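Content type PDB, C-alpha atoms, from the file upload.pdb:
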```pdb
ATOM      1  CA  MET A 242      96.270 -15.381-144.297
ATOM      2  CA  TYR A 243      96.840 -18.256-146.743
ATOM      3  CA  LYS A 244      98.136 -17.385-150.210
ATOM      4  CA  ILE A 245      97.109 -19.492-153.191
ATOM      5  CA  ARG A 246      98.870 -18.855-156.489
ATOM      6  CA  SER A 247      98.092 -21.838-158.697
ATOM      7  CA  LYS A 248      95.023 -23.406-160.287
ATOM      8  CA  GLN A 249      96.539 -26.733-159.319
ATOM      9  CA  ASN A 250      96.220 -25.954-155.620
ATOM     10  CA  PRO A 251      93.894 -28.594-154.111
ATOM     11  CA  ARG A 252      91.867 -25.995-152.231
ATOM     12  CA  PHE A 253      91.338 -23.893-155.355
ATOM     13  CA  LYS A 254      90.268 -27.021-157.230
ATOM     14  CA  SER A 255      87.690 -27.741-154.502
ATOM     15  CA  TRP A 256      86.324 -24.184-154.814
ATOM     16  CA  LYS A 257      86.106 -24.500-158.592
ATOM     17  CA  LYS A 258      83.891 -27.576-158.219
ATOM     18  CA  LEU A 259      81.386 -25.448-156.282
ATOM     19  CA  THR A 260      80.570 -23.553-159.482
ATOM     20  CA  THR A 261      78.559 -26.619-160.591
ATOM     21  CA  LYS A 262      75.396 -28.061-159.074
ATOM     22  CA  LYS A 263      76.935 -31.524-158.816
ATOM     23  CA  GLY A 264      79.954 -30.119-157.009
ATOM     24  CA  ARG A 265      77.770 -28.230-154.528
ATOM     25  CA  GLU A 266      75.644 -31.270-153.796
ATOM     26  CA  ARG A 267      78.635 -33.553-153.255
ATOM     27  CA  ALA A 268      80.461 -31.140-150.962
ATOM     28  CA  GLY A 269      77.459 -29.721-149.116
ATOM     29  CA  LEU A 270      79.069 -26.316-149.735
ATOM     30  CA  PHE A 271      78.423 -23.350-152.009
ATOM     31  CA  LEU A 272      80.024 -20.070-153.033
ATOM     32  CA  VAL A 273      78.743 -16.638-152.035
ATOM     33  CA  GLU A 274      80.165 -13.718-153.979
ATOM     34  CA  GLY A 275      80.153  -9.990-153.203
ATOM     35  CA  GLU A 276      80.038  -7.815-150.103
ATOM     36  CA  HIS A 277      76.269  -7.746-149.553
ATOM     37  CA  LEU A 278      75.746 -11.505-149.736
ATOM     38  CA  ALA A 279      78.873 -12.087-147.651
ATOM     39  CA  GLN A 280      77.461  -9.810-144.951
ATOM     40  CA  GLU A 281      74.123 -11.645-145.058
ATOM     41  CA  ALA A 282      75.875 -15.002-144.781
ATOM     42  CA  LEU A 283      77.900 -13.829-141.771
ATOM     43  CA  ALA A 284      74.801 -12.411-140.080
ATOM     44  CA  SER A 285      72.809 -15.596-140.668
ATOM     45  CA  GLY A 286      74.940 -17.813-138.492
ATOM     46  CA  TRP A 287      75.529 -20.351-141.265
ATOM     47  CA  SER A 288      78.904 -22.056-141.034
ATOM     48  CA  ILE A 289      81.564 -20.446-143.240
ATOM     49  CA  VAL A 290      84.590 -22.490-144.246
ATOM     50  CA  ASP A 291      86.730 -20.083-146.278
ATOM     51  CA  MET A 292      86.921 -16.373-147.016
ATOM     52  CA  ILE A 293      88.447 -15.836-150.468
ATOM     53  CA  ILE A 294      90.060 -12.448-151.071
ATOM     54  CA  SER A 295      91.400 -11.091-154.362
ATOM     55  CA  GLU A 296      94.799  -9.421-154.067
ATOM     56  CA  ASP A 297      93.398  -6.227-155.596
ATOM     57  CA  TYR A 298      90.577  -6.002-153.015
ATOM     58  CA  ASP A 299      90.996  -3.296-150.387
ATOM     59  CA  MET A 300      89.847  -5.435-147.506
ATOM     60  CA  PRO A 301      88.117  -3.449-144.724
ATOM     61  CA  GLY A 302      89.136  -4.136-141.169
ATOM     62  CA  GLU A 303      85.617  -5.382-140.397
ATOM     63  CA  TRP A 304      86.168  -8.385-142.646
ATOM     64  CA  VAL A 305      89.364  -9.264-140.807
ATOM     65  CA  GLN A 306      87.514  -8.971-137.495
ATOM     66  CA  ALA A 307      84.627 -11.100-138.799
ATOM     67  CA  ALA A 308      87.018 -13.796-139.980
ATOM     68  CA  ASP A 309      88.742 -13.858-136.588
ATOM     69  CA  LYS A 310      85.444 -13.881-134.702
ATOM     70  CA  HIS A 311      83.985 -16.774-136.689
ATOM     71  CA  GLN A 312      87.327 -18.592-137.056
ATOM     72  CA  ILE A 313      87.158 -18.476-140.831
ATOM     73  CA  ARG A 314      90.200 -19.398-142.879
ATOM     74  CA  CYS A 315      91.235 -16.411-145.058
ATOM     75  CA  CYS A 316      92.767 -17.175-148.447
ATOM     76  CA  MET A 317      94.247 -14.586-150.791
ATOM     77  CA  VAL A 318      94.390 -15.264-154.520
ATOM     78  CA  PRO A 319      95.540 -13.310-157.599
ATOM     79  CA  PRO A 320      92.749 -11.455-159.466
ATOM     80  CA  ASP A 321      92.808 -13.895-162.402
ATOM     81  CA  LEU A 322      92.129 -16.853-160.089
ATOM     82  CA  PHE A 323      89.399 -14.967-158.264
ATOM     83  CA  ASN A 324      87.754 -14.134-161.589
ATOM     84  CA  GLU A 325      87.639 -17.848-162.435
ATOM     85  CA  LEU A 326      85.405 -18.387-159.414
ATOM     86  CA  ALA A 327      83.303 -15.249-159.872
ATOM     87  CA  GLU A 328      80.152 -15.134-161.999
ATOM     88  CA  THR A 329      79.691 -11.361-162.061
ATOM     89  CA  GLN A 330      81.257  -9.154-164.733
ATOM     90  CA  ASN A 331      82.861  -6.818-162.185
ATOM     91  CA  PRO A 332      83.693  -8.925-159.114
ATOM     92  CA  GLN A 333      84.010  -7.079-155.818
ATOM     93  CA  GLY A 334      86.944  -9.204-154.729
ATOM     94  CA  ILE A 335      85.439 -11.148-151.840
ATOM     95  CA  ALA A 336      83.729 -14.538-151.734
ATOM     96  CA  LEU A 337      82.807 -17.050-149.043
ATOM     97  CA  VAL A 338      82.603 -20.818-149.039
ATOM     98  CA  VAL A 339      79.482 -21.568-147.008
ATOM     99  CA  GLN A 340      78.227 -24.841-145.573
ATOM    100  CA  ARG A 341      74.538 -25.481-146.141
ATOM    101  CA  ALA A 342      72.642 -25.080-142.876
ATOM    102  CA  PRO A 343      70.807 -28.066-141.373
ATOM    103  CA  PHE A 344      67.129 -27.105-141.337
ATOM    104  CA  PRO A 345      64.578 -28.479-138.855
ATOM    105  CA  MET A 346      62.772 -31.673-139.807
ATOM    106  CA  LEU A 347      60.105 -31.031-142.434
ATOM    107  CA  GLU A 348      57.476 -32.546-140.139
ATOM    108  CA  GLU A 349      57.839 -29.572-137.783
ATOM    109  CA  TYR A 350      56.387 -27.267-140.434
ATOM    110  CA  LEU A 351      53.541 -29.654-141.192
ATOM    111  CA  ASP A 352      52.462 -29.456-137.552
ATOM    112  CA  LYS A 353      53.365 -25.884-136.543
ATOM    113  CA  GLY A 354      53.549 -23.867-139.767
ATOM    114  CA  ALA A 355      50.926 -21.408-141.033
ATOM    115  CA  LEU A 356      52.006 -20.506-144.572
ATOM    116  CA  LEU A 357      54.116 -22.448-147.068
ATOM    117  CA  LEU A 358      55.190 -21.729-150.638
ATOM    118  CA  LEU A 359      55.276 -24.743-152.980
ATOM    119  CA  VAL A 360      57.360 -24.261-156.123
ATOM    120  CA  ASP A 361      56.785 -26.497-159.150
ATOM    121  CA  SER A 362      59.552 -26.505-161.781
ATOM    122  CA  ILE A 363      60.612 -22.857-161.659
ATOM    123  CA  GLN A 364      63.643 -22.745-163.946
ATOM    124  CA  ASP A 365      64.657 -19.097-164.195
ATOM    125  CA  PRO A 366      67.228 -18.207-161.488
ATOM    126  CA  GLY A 367      65.939 -14.638-161.220
ATOM    127  CA  ASN A 368      62.375 -15.830-160.683
ATOM    128  CA  LEU A 369      63.358 -18.313-157.996
ATOM    129  CA  GLY A 370      65.508 -15.756-156.205
ATOM    130  CA  THR A 371      62.698 -13.202-156.246
ATOM    131  CA  LEU A 372      60.272 -15.844-154.965
ATOM    132  CA  PHE A 373      62.549 -16.401-151.962
ATOM    133  CA  ARG A 374      62.788 -12.689-151.248
ATOM    134  CA  THR A 375      59.027 -12.200-151.612
ATOM    135  CA  ALA A 376      58.257 -15.245-149.477
ATOM    136  CA  LEU A 377      60.477 -13.973-146.674
ATOM    137  CA  ALA A 378      58.827 -10.557-146.786
ATOM    138  CA  ALA A 379      55.347 -12.130-146.763
ATOM    139  CA  GLY A 380      56.021 -14.228-143.675
ATOM    140  CA  VAL A 381      56.221 -17.652-145.334
ATOM    141  CA  ASP A 382      57.475 -20.335-142.939
ATOM    142  CA  ALA A 383      59.352 -22.421-145.529
ATOM    143  CA  VAL A 384      59.715 -22.974-149.271
ATOM    144  CA  MET A 385      59.172 -26.412-150.814
ATOM    145  CA  LEU A 386      61.066 -26.877-154.065
ATOM    146  CA  GLY A 387      59.578 -29.479-156.384
ATOM    147  CA  LYS A 388      61.331 -31.501-159.060
ATOM    148  CA  GLY A 389      62.611 -29.524-162.016
ATOM    149  CA  THR A 390      63.221 -26.379-159.987
ATOM    150  CA  THR A 391      66.601 -24.727-160.485
ATOM    151  CA  ASP A 392      69.283 -25.025-157.806
ATOM    152  CA  PRO A 393      68.566 -22.495-155.020
ATOM    153  CA  LEU A 394      72.287 -22.281-154.210
ATOM    154  CA  ALA A 395      73.425 -21.330-157.708
ATOM    155  CA  GLY A 396      75.099 -17.929-157.927
ATOM    156  CA  LYS A 397      72.394 -16.182-159.962
ATOM    157  CA  VAL A 398      69.675 -17.393-157.595
ATOM    158  CA  LEU A 399      71.619 -16.315-154.516
ATOM    159  CA  ARG A 400      72.132 -12.822-155.913
ATOM    160  CA  SER A 401      68.440 -12.527-156.775
ATOM    161  CA  THR A 402      67.429 -13.489-153.238
ATOM    162  CA  GLN A 403      69.469 -10.540-151.875
ATOM    163  CA  GLY A 404      70.306 -12.765-148.913
ATOM    164  CA  ALA A 405      66.779 -14.035-148.213
ATOM    165  CA  VAL A 406      67.942 -17.612-148.775
ATOM    166  CA  PHE A 407      69.910 -17.392-145.513
ATOM    167  CA  HIS A 408      66.816 -16.577-143.474
ATOM    168  CA  LEU A 409      64.140 -18.871-144.932
ATOM    169  CA  PRO A 410      64.222 -22.691-144.662
ATOM    170  CA  PHE A 411      63.845 -24.545-147.948
ATOM    171  CA  TYR A 412      63.403 -28.202-148.834
ATOM    172  CA  GLN A 413      63.712 -30.140-152.085
ATOM    173  CA  VAL A 414      60.673 -32.403-152.191
ATOM    174  CA  ASP A 415      58.370 -34.502-154.357
ATOM    175  CA  LEU A 416      55.252 -32.323-154.462
ATOM    176  CA  MET A 417      53.068 -35.249-155.543
ATOM    177  CA  SER A 418      53.933 -36.960-152.262
ATOM    178  CA  LEU A 419      53.957 -33.795-150.152
ATOM    179  CA  ILE A 420      50.489 -32.470-151.045
ATOM    180  CA  PRO A 421      48.606 -35.565-149.738
ATOM    181  CA  GLU A 422      50.692 -35.314-146.572
ATOM    182  CA  LEU A 423      49.737 -31.646-146.214
ATOM    183  CA  HIS A 424      46.070 -32.624-146.491
ATOM    184  CA  MET A 425      46.550 -35.210-143.744
ATOM    185  CA  HIS A 426      47.872 -32.398-141.521
ATOM    186  CA  ASN A 427      44.866 -30.168-142.287
ATOM    187  CA  TRP A 428      46.608 -27.841-144.720
ATOM    188  CA  ARG A 429      44.621 -26.064-147.407
ATOM    189  CA  VAL A 430      46.526 -26.221-150.695
ATOM    190  CA  ILE A 431      45.787 -23.377-153.101
ATOM    191  CA  GLY A 432      47.016 -23.647-156.673
ATOM    192  CA  THR A 433      47.399 -21.016-159.369
ATOM    193  CA  ASP A 434      45.979 -21.013-162.891
ATOM    194  CA  VAL A 435      45.013 -18.436-165.497
ATOM    195  CA  LYS A 436      41.858 -20.206-166.723
ATOM    196  CA  ASP A 437      40.287 -22.991-164.674
ATOM    197  CA  ALA A 438      40.214 -21.109-161.362
ATOM    198  CA  ILE A 439      38.215 -18.677-159.264
ATOM    199  CA  ASP A 440      39.001 -14.977-159.013
ATOM    200  CA  MET A 441      41.378 -14.483-156.067
ATOM    201  CA  ARG A 442      38.912 -11.949-154.632
ATOM    202  CA  GLN A 443      36.551 -14.860-153.989
ATOM    203  CA  LEU A 444      39.161 -16.648-151.926
ATOM    204  CA  SER A 445      38.398 -16.589-148.217
ATOM    205  CA  VAL A 446      41.032 -17.584-145.664
ATOM    206  CA  THR A 447      40.398 -17.839-141.935
ATOM    207  CA  GLU A 448      42.816 -16.617-139.292
ATOM    208  CA  ASN A 449      44.084 -20.003-138.089
ATOM    209  CA  GLN A 450      43.923 -21.846-141.412
ATOM    210  CA  LYS A 451      47.158 -23.452-142.569
ATOM    211  CA  VAL A 452      47.682 -22.505-146.217
ATOM    212  CA  ALA A 453      50.149 -23.765-148.831
ATOM    213  CA  LEU A 454      50.343 -21.717-152.045
ATOM    214  CA  LEU A 455      51.441 -23.648-155.142
ATOM    215  CA  VAL A 456      53.030 -21.790-158.081
ATOM    216  CA  GLY A 457      54.180 -23.353-161.331
ATOM    217  CA  ASN A 458      56.586 -23.270-164.227
ATOM    218  CA  GLU A 459      57.036 -19.997-166.118
ATOM    219  CA  ALA A 460      55.740 -21.399-169.428
ATOM    220  CA  ARG A 461      53.501 -24.338-168.490
ATOM    221  CA  GLY A 462      52.181 -23.298-165.094
ATOM    222  CA  VAL A 463      51.387 -25.847-162.404
ATOM    223  CA  HIS A 464      51.613 -29.486-163.529
ATOM    224  CA  PRO A 465      48.102 -30.792-164.403
ATOM    225  CA  VAL A 466      48.352 -33.653-161.893
ATOM    226  CA  LEU A 467      49.328 -31.270-159.080
ATOM    227  CA  LYS A 468      46.575 -28.877-160.111
ATOM    228  CA  ARG A 469      44.011 -31.624-159.587
ATOM    229  CA  MET A 470      45.401 -32.295-156.099
ATOM    230  CA  THR A 471      44.753 -28.783-154.786
ATOM    231  CA  ASP A 472      41.772 -27.724-152.693
ATOM    232  CA  GLN A 473      41.227 -24.613-154.783
ATOM    233  CA  ASN A 474      42.836 -22.950-157.812
ATOM    234  CA  VAL A 475      42.829 -19.180-158.069
ATOM    235  CA  LYS A 476      43.669 -16.577-160.695
ATOM    236  CA  ILE A 477      44.564 -12.909-160.492
ATOM    237  CA  PRO A 478      42.190 -10.619-162.420
ATOM    238  CA  MET A 479      43.799  -8.734-165.311
ATOM    239  CA  PHE A 480      42.517  -5.175-165.739
ATOM    240  CA  GLY A 481      44.787  -4.363-168.676
ATOM    241  CA  LYS A 482      45.695  -6.093-171.918
ATOM    242  CA  VAL A 483      47.897  -8.749-170.292
ATOM    243  CA  GLU A 484      47.169 -12.473-170.152
ATOM    244  CA  SER A 485      49.270 -13.284-167.098
ATOM    245  CA  LEU A 486      51.914 -12.015-164.688
ATOM    246  CA  ASN A 487      55.466 -13.091-163.972
ATOM    247  CA  VAL A 488      55.349 -15.983-161.491
ATOM    248  CA  SER A 489      57.215 -14.106-158.760
ATOM    249  CA  VAL A 490      54.895 -11.084-159.101
ATOM    250  CA  ALA A 491      51.825 -13.319-159.016
ATOM    251  CA  ALA A 492      53.119 -15.166-155.954
ATOM    252  CA  GLY A 493      53.677 -11.870-154.141
ATOM    253  CA  ILE A 494      50.126 -10.676-154.833
ATOM    254  CA  LEU A 495      48.599 -13.953-153.664
ATOM    255  CA  LEU A 496      50.773 -14.346-150.576
ATOM    256  CA  TYR A 497      49.907 -10.837-149.418
ATOM    257  CA  HIS A 498      46.243 -11.428-150.203
ATOM    258  CA  ILE A 499      46.299 -14.536-148.000
ATOM    259  CA  GLN A 500      48.191 -12.800-145.197
ATOM    260  CA  GLY A 501      45.952  -9.738-145.500
ATOM    261  CA  GLN A 502      42.882 -11.866-144.873
ATOM    262  CA  LYS A 503      44.498 -13.663-141.962
ATOM    263  CA  HIS A 504      45.601 -10.433-140.279
ATOM    264  CA  ALA A 505      42.374  -8.572-141.034
ATOM    265  CA  ARG A 506      40.386 -11.304-139.325
ATOM    266  CA  CYS A 507      42.893 -11.386-136.480
ATOM    267  CA  ASN A 508      42.347  -7.624-135.976
ATOM    268  CA  GLY A 509      38.604  -8.000-136.076
ATOM    269  CA  GLN A 510      38.230  -6.235-139.435
ATOM    270  CA  LYS A 511      36.012  -7.169-142.310
ATOM    271  CA  LYS A 512      37.700  -8.734-145.306
TER     272      LYS A 512
END
```
Can you give me the file's structure in the form of structure tokens?
Amino acid sequence: MYKIRSKQNPRFKSWKKLTTKKGRERAGLFLVEGEHLAQEALASGWSIVDMIISEDYDMPGEWVQAADKHQIRCCMVPPDLFNELAETQNPQGIALVVQRAPFPMLEEYLDKGALLLLVDSIQDPGNLGTLFRTALAAGVDAVMLGKGTTDPLAGKVLRSTQGAVFHLPFYQVDLMSLIPELHMHNWRVIGTDVKDAIDMRQLSVTENQKVALLVGNEARGVHPVLKRMTDQNVKIPMFGKVESLNVSVAAGILLYHIQGQKHARCNGQKK
């Protein structure tokens, strides 16, 4: 067990840099805070560099065993130093430094995938995290993050995913270049809009059709240029006095609608 007492310690300084997007991108590492996310990270098989323990944390034996099993360096720090790294108001006293996993080549999903989620400029960390969790539950193969989308490895996003980010490949892409490529690989790209679109109940998806669902910015929606590149734009009917839904809620409804049609046809049922 390494003990770090000073902010001037080089290792602590390297951890502190991971609290910024630039620091995460340069190092290829990110911080995971709290017991639940730490457990998800360990279960995912992603490479873990350091386990950071606050001196006031009553460390269970299972964490010691996990660190030994995965050959993770354990570092103990005073509570005030741990709190400098933590983003939560009441830190649980454990954090991990995780190395970003190498995902398969994007081309593999273009050829073999069945359902993708395309994300255009989602800026709220809670929304992006919930999109990841919903996408994983709905059987999405991968998430494509367009320009302007918040960092998926930021602390608030990670907590909102509840660990889903460790089990769902994601790529940062230029959607204006990706959508034509999807069309070349026989993908059907479905956009979302609240006005110039068909009712989602009119949307028909066949069992073996490759579908990419495109969702847009919380305030502006899908970029107009991207909207014109889709094969079809759909909207969710509002039965109450509401103009639109939260983007993560809307994505969940549409993803399950698409999967429902695919599986209903697969089971020989009527849509």
TODO: List the residues matched by the PyMOL selection byres ((chain A and resi 316) around 10) in the displayed structure as a count of residues only, ordered by chain and then by residue number.
DONE: 19
Open item on the list: I need the output of the PyMOL selection byres ((chain A and resi 256) around 12) for this file as number ranges by chain; which residues are they?
Closed with: A: 245, 248-255, 257-261, 264-265, 268-273, 290-293, 316, 322-323, 325-327, 336-339
Open item on the list: Translate the PyMOL selection byres ((chain A and resi 356) around 9) into a concrete residue list for this structure, as a ChimeraX atom specification.
Closed with: /A:354-355,357-358,380-383,450-454,496,499-500
Open item on the list: Would you pick out the contacts of region 412-419 of chain A at 6 Å or less, using all atoms listed in the file, so that residues sharing its chain but fewer than 6 positions from it are not included, and give the list as a VMD selection string?
Closed with: chain A and resid 385 to 387
- [ ] Mind giving me the straight-line distance from CA of Phe407 (chain A) to CA of Val446 (chain A) in Å, one decimal?
- [x]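 Rounded to one decimal, the two atoms are 28.9 Å apart.
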Box dimensions and centre (Å, one decimal) enclosing region 395-403 of chain A, axis-aligned, 4 Å extra per side, as lines of an AutoDock Vina configuration file:
```
center_x = 71.3
center_y = -15.9
center_z = -155.9
size_x = 15.7
size_y = 18.8
size_z = 16.1
```
TODO: Quote the spacing between CA of Ala379 (chain A) and CA of Val466 (chain A) in Å to one decimal place.
DONE: 27.2 Å
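Take the candidates A:Gln306, A:Thr402, A:Asn458, A:Thr447 and check each one against Thr390 (chain A) using only C-alpha atoms; the shortest distance goes to A:Asn458.
Pairwise distance (CA of Met479 (chain A), CA of Glu448 (chain A)) equals 27.2 Å.
Nearest residue to Met346 (chain A) among A:Gly389, A:Ala284, A:Asp361, A:Phe411 is A:Phe411, counting only C-alpha atoms.
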- [ ] Show which residues sit within 12 Å of Pro301 (chain A), as number ranges by chain. Count all atoms listed in the file, and ignore same-chain residues fewer than 6 positions away.
- [x] A: 276, 294, 307-308, 334-335
Next, the residues of the selection above should be written as a short mmCIF file (atom, residue, chain, number, x, y, z; two decimals), in the coordinates of the input with C-alpha atoms.
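Saved the output as part19.cif:
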```cif
data_model
loop_
_atom_site.label_atom_id
_atom_site.label_comp_id
_atom_site.auth_asym_id
_atom_site.auth_seq_id
_atom_site.Cartn_x
_atom_site.Cartn_y
_atom_site.Cartn_z
CA GLU A 276 80.04 -7.82 -150.10
CA ILE A 294 90.06 -12.45 -151.07
CA ALA A 307 84.63 -11.10 -138.80
CA ALA A 308 87.02 -13.80 -139.98
CA GLY A 334 86.94 -9.20 -154.73
CA ILE A 335 85.44 -11.15 -151.84
#
```
Open item on the list: Counting all atoms listed in the file, which residue out of A:Lys310, A:His424, A:Lys353, A:Lys476 sits closest to Gly462 (chain A)?
Closed with: A:Lys476
Open item on the list: Using all atoms listed in the file for the distances, tell me which of A:Val435, A:Asn449, A:Ala378, A:His504 is nearest to Val483 (chain A).
Closed with: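 Checking each candidate against Val483 (chain A), we get A:Val435 as the closest.
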TODO: Go ahead and find all residues with at least one atom no further than 9 Å from (39.2, -8.1, -155.8) in the file's coordinates, using all atoms listed in the file; report them as a list of chain:residue names.
DONE: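 All residues meeting the 9 Å criterion around (39.2, -8.1, -155.8) are A:Asp440, A:Met441, A:Arg442, A:Gln443, A:Ile477, A:Pro478.
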Writer output for current selection, C-alpha atoms, as a JSON list (two decimals), keeping the file's coordinate frame:
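The file below, again34.json, is the result:
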```json
[["chain", "number", "residue", "atom", "x", "y", "z"],
["A", 440, "ASP", "CA", 39.00, -14.98, -159.01],
["A", 441, "MET", "CA", 41.38, -14.48, -156.07],
["A", 442, "ARG", "CA", 38.91, -11.95, -154.63],
["A", 443, "GLN", "CA", 36.55, -14.86, -153.99],
["A", 477, "ILE", "CA", 44.56, -12.91, -160.49],
["A", 478, "PRO", "CA", 42.19, -10.62, -162.42]]
```
Task: Selected residue, from A:Asp352, A:Ala405, A:Pro319, A:Arg246, that lies nearest to Thr371 (chain A) when counting only C-alpha atoms - done: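 Among A:Asp352, A:Ala405, A:Pro319, A:Arg246, it is A:Ala405 that comes nearest to Thr371 (chain A).
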Open item on the list: Under the rule that only C-alpha atoms are counted, which of A:Leu495, A:Pro366, A:Phe373, A:Lys503 is the nearest residue to Pro410 (chain A)?
Closed with: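 Smallest separation from Pro410 (chain A) among the options: A:Phe373.
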- [ ] Find the spatial neighbours of Leu369 (chain A), counting only C-alpha atoms, within a cut-off of 8 Å - ignore same-chain residues fewer than 4 positions away - and output them as a list in words.
- [x]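 Returned residues: Ile363, Gln364, Asp365, Phe373, Thr391, Pro393, Val398, Ser401, Thr402 and Ser489 of chain A.
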